[in-house]
file work_23.txt (compact mmCIF, C-alpha atoms)
# COMPACT_ATOMS: atom_id res chain seq x y z
CA MET Q 1 130.57 98.49 135.06
CA ALA Q 2 132.08 96.86 132.03
CA SER Q 3 133.34 93.79 133.87
CA GLU Q 4 130.05 93.53 135.76
CA GLY Q 5 128.09 93.61 132.51
CA ALA Q 6 130.32 90.95 131.01
CA ASP Q 7 130.03 88.83 134.17
CA GLY Q 8 126.27 89.33 134.27
CA HIS Q 9 125.92 87.89 130.81
CA GLY Q 10 128.61 85.33 131.54
CA SER Q 11 129.54 83.06 128.69
CA LYS Q 12 125.94 83.34 127.38
CA GLY Q 13 126.47 87.02 126.52
CA ILE Q 14 129.39 86.19 124.31
CA ASP Q 15 127.71 83.18 122.75
CA PRO Q 16 125.14 84.54 120.27
CA MET Q 17 123.93 81.02 119.44
CA HIS Q 18 122.71 80.36 122.96
CA GLN Q 19 119.32 81.87 122.08
CA PHE Q 20 118.71 79.06 119.56
CA GLU Q 21 119.21 76.22 122.03
CA VAL Q 22 116.30 73.84 122.44
CA LYS Q 23 115.55 72.60 125.94
CA SER Q 24 112.99 70.04 126.93
CA LEU Q 25 110.37 71.40 129.32
CA VAL Q 26 108.30 68.21 129.63
CA ASP Q 27 109.67 64.89 128.46
CA ILE Q 28 107.04 63.02 126.45
CA GLN Q 29 107.69 59.69 124.79
CA LEU Q 30 105.00 58.34 122.42
CA GLY Q 31 106.18 54.83 121.66
CA PRO Q 32 109.37 55.21 119.65
CA VAL Q 33 108.64 58.87 118.97
CA ASP Q 34 110.18 61.56 121.16
CA ALA Q 35 107.42 64.19 121.45
CA SER Q 36 108.99 66.18 124.26
CA PHE Q 37 107.46 69.57 124.92
CA THR Q 38 110.41 71.93 124.41
CA ASN Q 39 110.79 75.69 124.48
CA ALA Q 40 110.39 75.51 120.67
CA SER Q 41 107.07 73.69 121.14
CA LEU Q 42 106.04 76.29 123.70
CA TRP Q 43 106.64 79.10 121.24
CA MET Q 44 104.83 77.24 118.45
CA VAL Q 45 101.84 77.00 120.80
CA ILE Q 46 102.17 80.69 121.70
CA VAL Q 47 102.31 81.61 118.00
CA VAL Q 48 99.21 79.59 117.15
CA VAL Q 49 97.27 80.78 120.19
CA THR Q 50 98.17 84.41 119.43
CA ILE Q 51 97.02 84.06 115.81
CA CYS Q 52 93.76 82.39 116.82
CA ALA Q 53 93.12 84.97 119.53
CA PHE Q 54 93.85 87.80 117.10
CA MET Q 55 91.63 86.43 114.34
CA LEU Q 56 88.74 85.32 116.57
CA LEU Q 57 88.58 88.04 119.24
CA SER Q 58 88.96 90.90 116.78
CA THR Q 59 86.05 89.63 114.67
CA SER Q 60 83.82 88.44 117.51
CA ARG Q 61 81.51 91.46 117.18
CA ARG Q 62 81.22 91.06 113.38
CA ALA Q 63 80.96 94.83 113.21
CA LEU Q 64 79.88 96.44 109.96
CA ILE Q 65 82.14 99.34 110.87
CA PRO Q 66 85.28 97.54 112.04
CA SER Q 67 87.38 98.33 115.09
CA ARG Q 68 91.12 98.75 114.54
CA LEU Q 69 91.86 95.13 115.34
CA GLN Q 70 89.03 93.91 113.16
CA SER Q 71 90.25 95.95 110.20
CA LEU Q 72 93.71 94.50 110.79
CA ALA Q 73 92.23 90.98 110.61
CA GLU Q 74 90.27 91.94 107.48
CA MET Q 75 93.37 93.50 105.95
CA SER Q 76 95.40 90.33 106.44
CA TYR Q 77 92.52 88.31 104.99
CA GLU Q 78 92.28 90.49 101.88
CA PHE Q 79 96.06 90.72 101.57
CA ILE Q 80 96.43 86.95 101.28
CA ALA Q 81 93.18 86.52 99.32
CA ASN Q 82 94.46 88.99 96.71
CA MET Q 83 97.85 87.30 96.68
CA VAL Q 84 96.27 83.92 95.95
CA ARG Q 85 93.85 85.38 93.39
CA ASP Q 86 96.60 87.29 91.55
CA ASN Q 87 99.22 84.53 91.57
CA VAL Q 88 97.15 81.36 91.35
CA GLY Q 89 93.78 82.47 90.04
CA LYS Q 90 90.18 81.81 91.02
CA ASP Q 91 90.64 78.02 91.13
CA GLY Q 92 93.44 78.48 93.66
CA MET Q 93 91.03 79.87 96.29
CA GLY Q 94 90.56 76.37 97.71
CA TYR Q 95 94.15 76.59 98.94
CA PHE Q 96 93.58 80.03 100.46
CA PRO Q 97 93.14 78.78 104.07
CA PHE Q 98 96.43 76.88 103.83
CA ILE Q 99 98.36 79.85 102.39
CA PHE Q 100 96.78 82.12 105.00
CA SER Q 101 97.74 79.80 107.87
CA LEU Q 102 101.23 79.48 106.46
CA PHE Q 103 101.71 83.24 106.13
CA MET Q 104 100.33 83.97 109.59
CA PHE Q 105 102.39 81.20 111.18
CA VAL Q 106 105.66 82.41 109.67
CA LEU Q 107 104.80 86.08 110.28
CA PHE Q 108 103.86 85.62 113.92
CA ALA Q 109 106.79 83.26 114.56
CA ASN Q 110 109.17 85.88 113.11
CA MET Q 111 107.51 88.79 114.94
CA LEU Q 112 107.22 87.08 118.34
CA GLY Q 113 110.85 86.05 117.92
CA MET Q 114 111.72 89.75 118.09
CA ILE Q 115 110.68 89.84 121.75
CA PRO Q 116 113.80 89.67 123.94
CA TRP Q 117 114.41 86.24 125.58
CA SER Q 118 111.80 84.67 123.33
CA PHE Q 119 112.48 81.82 120.94
CA THR Q 120 112.25 82.14 117.15
CA VAL Q 121 110.54 79.04 115.81
CA THR Q 122 111.51 79.84 112.20
CA SER Q 123 115.22 80.13 113.06
CA HIS Q 124 115.48 76.35 113.01
CA ILE Q 125 116.22 74.77 109.64
CA ILE Q 126 114.31 71.62 110.56
CA VAL Q 127 111.09 73.65 110.98
CA THR Q 128 111.42 75.70 107.79
CA PHE Q 129 112.62 72.69 105.82
CA ALA Q 130 109.68 70.58 107.02
CA MET Q 131 107.26 73.29 105.86
CA ALA Q 132 109.06 73.73 102.53
CA LEU Q 133 109.21 69.98 101.94
CA PHE Q 134 105.53 69.61 102.77
CA ILE Q 135 104.70 72.34 100.25
CA PHE Q 136 107.04 70.84 97.66
CA ILE Q 137 105.61 67.32 97.95
CA GLY Q 138 102.04 68.59 98.06
CA VAL Q 139 102.48 70.80 95.02
CA THR Q 140 104.27 68.08 93.03
CA LEU Q 141 101.56 65.53 93.82
CA LEU Q 142 98.95 68.11 92.83
CA GLY Q 143 100.73 68.64 89.50
CA PHE Q 144 100.68 64.91 88.71
CA ILE Q 145 97.06 64.56 89.86
CA LYS Q 146 95.95 67.49 87.69
CA HIS Q 147 97.98 66.74 84.58
CA GLY Q 148 98.98 63.10 84.94
CA LEU Q 149 102.32 62.30 83.36
CA GLY Q 150 101.87 65.44 81.27
CA PHE Q 151 103.26 67.33 84.26
CA ILE Q 152 106.71 66.14 83.17
CA GLY Q 153 106.27 68.48 80.20
CA PHE Q 154 106.65 71.25 82.78
CA PHE Q 155 110.40 70.53 82.73
CA VAL Q 156 110.66 71.07 78.99
CA PRO Q 157 110.53 74.80 78.17
CA SER Q 158 108.20 75.52 75.26
CA GLY Q 159 109.77 76.28 71.87
CA LEU Q 160 112.89 74.31 72.75
CA PRO Q 161 114.77 72.59 69.90
CA VAL Q 162 114.53 68.81 70.34
CA ALA Q 163 118.33 68.50 70.38
CA LEU Q 164 118.51 70.62 73.53
CA VAL Q 165 115.91 68.65 75.50
CA PRO Q 166 118.42 66.10 76.94
CA VAL Q 167 120.56 68.99 78.16
CA LEU Q 168 117.88 71.26 79.58
CA PHE Q 169 115.58 68.62 81.03
CA PRO Q 170 117.99 67.64 83.85
CA ILE Q 171 118.73 71.29 84.55
CA GLU Q 172 115.02 72.03 84.89
CA VAL Q 173 114.50 69.01 87.13
CA ILE Q 174 117.41 69.98 89.36
CA SER Q 175 116.21 73.58 89.61
CA TYR Q 176 112.78 72.25 90.53
CA LEU Q 177 114.23 69.93 93.17
CA THR Q 178 116.17 72.76 94.79
CA ARG Q 179 112.98 74.70 95.45
CA PRO Q 180 112.35 73.31 98.95
CA ILE Q 181 115.99 73.94 99.85
CA SER Q 182 116.01 77.55 98.67
CA LEU Q 183 112.59 78.18 100.22
CA SER Q 184 113.56 76.84 103.64
CA VAL Q 185 117.15 78.11 103.75
CA ARG Q 186 116.05 81.64 102.79
CA LEU Q 187 113.74 81.95 105.78
CA PHE Q 188 116.00 80.09 108.21
CA ALA Q 189 119.17 82.01 107.23
CA ASN Q 190 117.45 85.39 107.45
CA MET Q 191 116.14 84.67 110.93
CA LEU Q 192 119.41 83.15 112.09
CA ALA Q 193 121.59 85.95 110.76
CA GLY Q 194 119.33 88.73 112.02
CA HIS Q 195 119.00 87.36 115.53
CA THR Q 196 122.69 86.51 115.77
CA MET Q 197 123.65 90.00 114.71
CA LEU Q 198 121.21 91.54 117.21
CA LYS Q 199 122.68 89.39 119.98
CA VAL Q 200 126.29 90.25 119.07
CA PHE Q 201 125.61 93.97 119.06
CA ALA Q 202 123.54 93.71 122.25
CA SER Q 203 126.49 92.11 124.03
CA PHE Q 204 128.71 94.95 122.78
CA VAL Q 205 126.41 97.42 124.54
CA GLY Q 206 127.21 95.82 127.89
CA LEU Q 207 130.90 95.22 127.17
CA MET Q 208 131.73 98.74 126.00
CA GLY Q 209 130.43 100.54 129.08
CA ILE Q 210 129.72 104.23 128.33
CA TRP Q 211 130.75 103.74 124.70
CA GLY Q 212 128.05 101.14 124.43
CA VAL Q 213 125.78 103.98 123.31
CA ALA Q 214 127.15 103.56 119.78
CA PRO Q 215 126.11 99.91 119.34
CA LEU Q 216 122.86 100.75 121.17
CA VAL Q 217 121.98 103.36 118.54
CA PHE Q 218 122.93 100.88 115.85
CA MET Q 219 120.72 98.26 117.56
CA VAL Q 220 117.70 100.53 117.38
CA GLY Q 221 118.07 100.85 113.61
CA LEU Q 222 118.84 97.17 113.22
CA THR Q 223 115.74 96.19 115.22
CA GLY Q 224 113.59 98.22 112.83
CA LEU Q 225 115.26 96.49 109.90
CA GLU Q 226 114.67 93.09 111.51
CA PHE Q 227 110.96 93.81 111.82
CA LEU Q 228 110.94 94.58 108.12
CA VAL Q 229 112.80 91.34 107.38
CA ALA Q 230 110.38 89.42 109.61
CA PHE Q 231 107.42 90.64 107.54
CA LEU Q 232 109.23 90.39 104.21
CA GLN Q 233 110.30 86.77 104.75
CA ALA Q 234 106.76 85.75 105.68
CA TYR Q 235 105.54 87.49 102.53
CA VAL Q 236 108.20 85.85 100.35
CA PHE Q 237 107.44 82.43 101.83
CA ALA Q 238 103.72 82.82 101.11
CA ILE Q 239 104.09 84.25 97.62
CA LEU Q 240 106.60 81.60 96.55
CA THR Q 241 104.16 78.97 97.75
CA CYS Q 242 101.51 80.64 95.57
CA ILE Q 243 103.84 80.61 92.58
CA TYR Q 244 104.70 76.92 93.05
CA LEU Q 245 101.00 76.17 93.42
CA ASN Q 246 100.27 78.06 90.22
CA ASP Q 247 102.97 76.07 88.39
CA ALA Q 248 101.35 72.84 89.51
CA LEU Q 249 97.80 73.93 88.65
CA HIS Q 250 98.46 75.71 85.35
CA MET Q 251 101.91 74.50 84.21
CA HIS Q 252 102.61 77.94 82.80
CA SER Q 253 105.47 77.89 80.33
CA HIS Q 254 108.59 79.68 81.47
CA MET I 1 125.11 75.33 116.16
CA PRO I 2 121.98 74.24 118.11
CA GLN I 3 120.03 74.00 114.83
CA LEU I 4 122.04 70.94 113.79
CA ASP I 5 121.47 69.02 117.02
CA SER I 6 119.44 66.13 115.62
CA GLN I 7 118.26 65.15 119.07
CA TRP I 8 115.55 67.85 118.84
CA PHE I 9 114.47 67.23 115.23
CA VAL I 10 111.67 64.79 116.00
CA PRO I 11 110.07 66.75 118.88
CA GLN I 12 110.09 69.91 116.78
CA LEU I 13 108.50 68.11 113.80
CA VAL I 14 105.83 66.55 116.02
CA TRP I 15 104.88 69.86 117.62
CA LEU I 16 105.08 71.74 114.31
CA ALA I 17 102.64 69.26 112.78
CA LEU I 18 100.31 69.44 115.80
CA THR I 19 100.28 73.22 116.16
CA PHE I 20 100.06 73.92 112.42
CA LEU I 21 97.25 71.42 111.97
CA PHE I 22 95.37 73.08 114.83
CA LEU I 23 96.00 76.52 113.33
CA TYR I 24 94.84 75.34 109.88
CA ILE I 25 91.62 73.85 111.24
CA VAL I 26 90.75 76.96 113.28
CA MET I 27 91.50 79.28 110.35
CA ALA I 28 89.74 77.18 107.70
CA ARG I 29 86.68 76.28 109.79
CA VAL I 30 86.08 79.35 111.95
CA ALA I 31 88.20 82.44 111.44
CA LEU I 32 88.37 82.80 107.66
CA PRO I 33 84.67 82.05 106.95
CA ARG I 34 83.80 84.61 109.62
CA VAL I 35 86.07 87.35 108.22
CA GLY I 36 84.95 86.53 104.66
CA GLY I 37 81.33 86.72 105.81
CA ILE I 38 81.88 90.10 107.45
CA ILE I 39 83.54 91.51 104.32
CA GLU I 40 80.85 90.12 102.03
CA GLU I 41 78.08 91.40 104.28
CA ARG I 42 79.61 94.86 104.23
CA ARG I 43 80.00 94.76 100.45
CA ASP I 44 76.36 93.68 100.05
CA ARG I 45 75.22 96.36 102.44
CA ILE I 46 77.12 99.06 100.59
CA ALA I 47 75.80 97.83 97.22
CA ASP I 48 72.29 97.78 98.73
CA ASP I 49 72.62 101.30 100.09
CA LEU I 50 73.98 102.56 96.79
CA GLU I 51 71.10 100.96 94.92
CA LYS I 52 68.60 102.45 97.32
CA ALA I 53 70.23 105.86 96.98
CA ASN I 54 70.04 105.51 93.19
CA GLN I 55 66.37 104.61 93.38
CA LEU I 56 65.63 107.58 95.61
CA GLN I 57 67.52 109.87 93.28
CA GLN I 58 65.56 108.54 90.33
CA GLN I 59 62.33 109.08 92.24
CA ALA I 60 63.36 112.62 93.06
CA GLU I 61 64.25 113.29 89.43
CA GLN I 62 60.92 111.79 88.32
CA ALA I 63 59.09 114.00 90.80
CA LEU I 64 60.94 117.06 89.50
CA ALA I 65 60.09 116.13 85.91
CA ASP I 66 56.44 115.59 86.87
CA TYR I 67 56.34 118.91 88.66
CA GLU I 68 57.87 120.73 85.72
CA GLU I 69 55.46 119.08 83.31
CA ALA I 70 52.50 119.99 85.50
CA LEU I 71 53.79 123.53 85.74
CA ALA I 72 54.17 123.78 81.96
CA GLN I 73 50.67 122.38 81.46
CA ALA I 74 49.17 124.80 83.96
CA ARG I 75 50.99 127.66 82.30
CA SER I 76 49.77 126.74 78.83
CA ARG I 77 46.24 126.23 80.14
CA ALA I 78 46.31 129.60 81.86
CA MET I 79 47.51 131.16 78.62
CA ALA I 80 44.73 129.44 76.67
CA ILE I 81 42.11 130.63 79.16
CA ALA I 82 43.46 134.16 78.99
CA ASN I 83 43.39 134.07 75.20
CA ASP I 84 39.86 132.69 75.15
CA THR I 85 38.62 135.29 77.57
CA ARG I 86 40.29 138.04 75.63
CA GLU I 87 38.74 136.88 72.36
CA LYS I 88 35.33 136.42 73.91
CA LEU I 89 35.44 139.86 75.47
CA LYS I 90 36.60 141.34 72.20
CA ALA I 91 33.77 139.63 70.33
CA GLU I 92 31.22 140.83 72.89
CA MET I 93 32.61 144.30 72.74
CA ASP I 94 32.57 144.30 68.97
CA GLU I 95 28.95 143.16 69.02
CA MET I 96 27.99 145.78 71.55
CA ARG I 97 29.80 148.42 69.57
CA ALA I 98 28.05 147.34 66.36
CA GLU I 99 24.69 147.40 68.15
CA ALA I 100 25.36 150.80 69.59
CA ASP I 101 26.54 152.05 66.22
CA ALA I 102 23.38 150.76 64.59
CA LYS I 103 21.20 152.37 67.29
CA PHE I 104 23.01 155.65 67.05
CA ASN I 105 22.77 155.58 63.26
CA ALA I 106 19.04 154.93 63.47
CA GLN I 107 18.56 157.75 65.97
CA LEU I 108 20.70 160.01 63.83
CA GLN I 109 18.61 159.26 60.77
CA GLU I 110 15.41 159.79 62.67
CA ALA I 111 16.72 163.05 64.05
CA GLU I 112 17.80 164.14 60.62
CA GLN I 113 14.32 163.30 59.26
CA ARG I 114 12.71 165.22 62.08
CA ILE I 115 14.98 168.17 61.49
CA ALA I 116 14.15 168.10 57.79
CA ALA I 117 10.45 167.90 58.60
CA MET I 118 10.72 170.77 61.07
CA LYS I 119 12.67 172.75 58.55
CA ASP I 120 10.02 172.16 55.91
CA GLN I 121 7.29 173.13 58.34
CA ALA I 122 9.25 176.13 59.43
CA LEU I 123 9.74 177.13 55.83
CA SER I 124 6.07 176.73 55.03
CA ASN I 125 5.22 178.77 58.14
CA VAL I 126 7.58 181.45 56.92
CA LYS I 127 5.71 181.44 53.60
CA ASP I 128 2.34 181.79 55.32
CA VAL I 129 3.58 184.53 57.63
CA ALA I 130 5.22 186.29 54.73
CA SER I 131 2.03 186.01 52.65
CA GLU I 132 -0.07 187.34 55.50
CA ALA I 133 2.35 190.11 56.19
CA ALA I 134 2.54 190.96 52.48
CA THR I 135 -1.29 191.02 52.24
CA GLU I 136 -1.48 193.32 55.30
CA LEU I 137 1.26 195.50 53.89
CA VAL I 138 -0.38 195.68 50.48
CA SER I 139 -3.76 196.61 52.03
CA HIS I 140 -2.14 199.26 54.17
CA LEU I 141 0.00 200.65 51.35
CA ILE I 142 -2.41 200.67 48.51
CA GLY I 143 -5.66 200.30 50.28
CA THR I 144 -6.86 197.42 48.31
CA SER I 145 -6.66 193.87 49.35
CA ALA I 146 -4.60 191.86 46.99
CA SER I 147 -5.77 188.42 46.16
CA ALA I 148 -4.27 185.71 48.26
CA SER I 149 -2.97 183.76 45.27
CA GLN I 150 -1.20 186.78 43.86
CA VAL I 151 0.52 187.46 47.13
CA SER I 152 1.56 183.90 47.73
CA SER I 153 3.05 183.50 44.27
CA ALA I 154 4.91 186.78 44.72
CA VAL I 155 6.25 185.58 48.08
CA GLU I 156 7.25 182.25 46.64
CA ALA I 157 9.06 183.97 43.84
CA GLU I 158 10.82 186.22 46.31
CA LEU I 159 11.76 183.24 48.55
CA ALA I 160 13.00 181.30 45.58
CA GLN I 161 15.12 184.25 44.64
CA SER I 162 16.67 184.45 48.10
CA GLY I 163 17.37 180.77 47.90
CA HIS I 164 14.95 179.40 50.48
CA ALA I 165 12.55 177.53 48.33
call {"tool": "encode", "arguments": {"input": "work_23.txt", "output": "C-alpha cells"}}
result
Amino acid sequence: MASEGADGHGSKGIDPMHQFEVKSLVDIQLGPVDASFTNASLWMVIVVVTICAFMLLSTSRRALIPSRLQSLAEMSYEFIANMVRDNVGKDGMGYFPFIFSLFMFVLFANMLGMIPWSFTVTSHIIVTFAMALFIFIGVTLLGFIKHGLGFIGFFVPSGLPVALVPVLFPIEVISYLTRPISLSVRLFANMLAGHTMLKVFASFVGLMGIWGVAPLVFMVGLTGLEFLVAFLQAYVFAILTCIYLNDALHMHSH
Amino acid sequence: MPQLDSQWFVPQLVWLALTFLFLYIVMARVALPRVGGIIEERRDRIADDLEKANQLQQQAEQALADYEEALAQARSRAMAIANDTREKLKAEMDEMRAEADAKFNAQLQEAEQRIAAMKDQALSNVKDVASEAATELVSHLIGTSASASQVSSAVEAELAQSGHA
C-alpha cells in the first residue's frame, strides 16, 4: 500500500512545488510579446468568470426579498462599500469598483486555489507584485495630482523638529517605497506556504499507510485554517489598498 | 521554485491585465450598479412603507381623538338637555303647585265664609226657635202671652250667657 501510494504520486508527490508550475496550453505570440495561454491564464479566466457569474446571476431577478445567493452578493457589496467609506471616506467611493474587483479577484483566486489539482493564481509573486505595483503607482500619481508637490510633505511627520527632517525624510520615503513589496509578498508568501504545507502533509497521508490517518486529521484542520487565510489575505489586501488610497487623498499625518 | 521562472512572467502579466480589466469593466458597468440599485430600491421601499405606516397610525390616532371629542360633546349635550328638562319640569310643577295652592286657598276661604254664614243663620234660627218655644212655654205656663220683644231679649240674654251670641 505504502509503496504503491508513493509510486502513484511518483516524484510529483514528494515535490510540493510541482503544483505551482506554469505550463503553456496554447502558444500565442503577439509580436515580441509572449501571450501564451497557460494554466495560470486558464485559472485567471475561471476566477473572473466565476465572479461575474456569481454577481450577475444572483442578482438577475433584482428581488426585493433576496435569495441566499443574492444576499451574498449584496453582503459582499456592502462589506467593501463600508470598508471604502470607513477607510477612505465619501470621496473615495469613486474607487469603490476598483477595490471591489480587487477584493473579489484575490478572494476567488485564493478560494478556487483550495480545490485539489487547481492552480492558485495568487501564489505567484509576479501576479501579486504586478497588482501591488499598479496600486502603488496609481496611488502615488493620485497623491501628486491631488496635492501637487505638497504630497512630498507626506514624508515629513507633523510636529517634527527641523533638525530631524534630514534623518526621518529618507526613512519615511523608504518605508513608503517598501509598500508594494510588503503588500505583494504578504499575499504571495501566505498562499505559497499554505499550499506547500497542505501538499507536504497530503503526501504523508499516502506514504504512511495506515498511520496516514494522523496527517489526514491534521490536514482537515489545516484546510479550515487555509480557508480562513484565503479570506483574511483578500481582506488585508483590500483594506491596505484603502489605507494607501486614503493617504494619497487626504495625506493624514501619522 | 516555479515562481521565479521568468519565462512565464510576461504571459502571466498579459493575462492578468486582460482578465482583471474585463472583471473591472463588468463590475463597474453592470454588476455593482445593479446591486447598488437593488439595495437602494429596498431602502426606499422600506422608508416608504414606514412613512405610510406612520401616516396611517396618525390617521388612526386622529380618528380616535375625534371620536373621543364627539363622545365628550354628546355627553355634555345630553347632560345639558337633562338639566334643562329637569329645570323646566320643576318650574312647571312649581307653577302648577302654586296655582293649585291658590285655588285650594280660595275654595277654603269660600268654604269658611259659607260655614260662617251657615253658622250665623243656624244661630239666628236657634234664636227664633227658642223665642217661639219660650213664647209657647210662657203661654202654657202662665196663661198669658208674653210680648215677643220681651221673650226675644230674654232669649238673647240667655244665649249670651251660655256663650252663643
call {"tool": "residues_around", "arguments": {"input": "work_23.txt", "residues": "region 84-96 of chain Q", "least_positions_apart": "3", "cutoff": "7 Å", "atoms": "all atoms listed in the file", "output": "list in words"}}
result
Ile80, Ala81, Ile99, Phe100, Cys242, Ile243, Leu245 and Asn246 of chain Q
call {"tool": "write_last_selection", "arguments": {"input": "work_23.txt", "atoms": "C-alpha atoms", "output": "tab-separated table (two decimals), keeping the file's coordinate frame"}}
result
chain	number	residue	atom	x	y	z
Q	80	ILE	CA	96.43	86.95	101.28
Q	81	ALA	CA	93.18	86.52	99.32
Q	99	ILE	CA	98.36	79.85	102.39
Q	100	PHE	CA	96.78	82.12	105.00
Q	242	CYS	CA	101.51	80.64	95.57
Q	243	ILE	CA	103.84	80.61	92.58
Q	245	LEU	CA	101.00	76.17	93.42
Q	246	ASN	CA	100.27	78.06	90.22
call {"tool": "closest_residue", "arguments": {"input": "work_23.txt", "among": "I:Glu61, I:Val10, I:Ile39, I:Val155", "to": "Val127 (chain Q)", "atoms": "only C-alpha atoms"}}
result
I:Val10
call {"tool": "closest_atom_pairs", "arguments": {"input": "work_23.txt", "of": "chain Q", "to": "chain I", "cutoff": "7 Å", "atoms": "all atoms listed in the file", "output": "CSV"}}
result
residue,atom,partner,partner_atom,distance
Q:Met17,CA,I:Met1,CA,6.7
Q:Phe20,CA,I:Pro2,CA,6.0
Q:Glu21,CA,I:Pro2,CA,5.2
Q:Asp34,CA,I:Pro11,CA,5.7
Q:Ala35,CA,I:Pro11,CA,4.5
Q:Ser36,CA,I:Pro11,CA,5.5
Q:Ala40,CA,I:Gln12,CA,6.8
Q:Ser41,CA,I:Trp15,CA,5.6
Q:Met44,CA,I:Thr19,CA,6.5
Q:Val45,CA,I:Thr19,CA,6.2
Q:Val48,CA,I:Leu23,CA,5.9
Q:Met55,CA,I:Ala31,CA,6.0
Q:Leu56,CA,I:Ala31,CA,5.9
Q:Thr59,CA,I:Val35,CA,6.8
Q:Arg62,CA,I:Ile38,CA,6.0
Q:Leu64,CA,I:Arg42,CA,5.9
Q:Glu74,CA,I:Val35,CA,6.3
Q:Pro97,CA,I:Ala28,CA,5.2
Q:Phe98,CA,I:Tyr24,CA,6.4
Q:Ser101,CA,I:Tyr24,CA,5.7
Q:His124,CA,I:Gln3,CA,5.4
Q:Ile125,CA,I:Gln3,CA,6.5
Q:Ile126,CA,I:Phe9,CA,6.4
Q:Val127,CA,I:Leu13,CA,6.7
call {"tool": "closest_residue", "arguments": {"input": "work_23.txt", "among": "Q:Met83, Q:Ala189, Q:Ala109, Q:Ile137", "to": "Phe227 (chain Q)", "atoms": "all atoms listed in the file"}}
result
Q:Ala109
call {"tool": "residues_around", "arguments": {"input": "work_23.txt", "residues": "region 160-176 of chain Q", "least_positions_apart": "4", "cutoff": "12 Å", "atoms": "all atoms listed in the file", "output": "MDAnalysis selection string"}}
result
chainID Q and resid 136:137 139:140 151:156 180:183 244 247:248 253:254
call {"tool": "atom_distance", "arguments": {"input": "work_23.txt", "atom1": "CA of Ala160 (chain I)", "atom2": "CA of Leu123 (chain I)"}}
result
11.5 Å
call {"tool": "atom_distance", "arguments": {"input": "work_23.txt", "atom1": "CA of Leu142 (chain Q)", "atom2": "CA of Phe237 (chain Q)"}}
result
18.9 Å
call {"tool": "atom_distance", "arguments": {"input": "work_23.txt", "atom1": "CA of Met114 (chain Q)", "atom2": "CA of Ala230 (chain Q)"}}
result
8.6 Å
call {"tool": "residues_around", "arguments": {"input": "work_23.txt", "residues": "region 196-198 of chain Q", "least_positions_apart": "6", "cutoff": "8 Å", "atoms": "all atoms listed in the file", "output": "list of chain:residue names"}}
result
Q:Pro16, Q:Met17, Q:Met219, Q:Leu222, Q:Thr223
call {"tool": "closest_residue", "arguments": {"input": "work_23.txt", "among": "Q:Leu216, Q:Leu102, Q:Ile28, Q:Ile210", "to": "Ile135 (chain Q)", "atoms": "only C-alpha atoms"}}
result
Q:Leu102
call {"tool": "axis_aligned_box", "arguments": {"input": "work_23.txt", "around": "region 231-238 of chain Q", "padding_each_side": "8 Å", "output": "JSON"}}
result
{"center_x": 107.0, "center_y": 86.5, "center_z": 103.9, "size_x": 22.6, "size_y": 24.2, "size_z": 23.2}
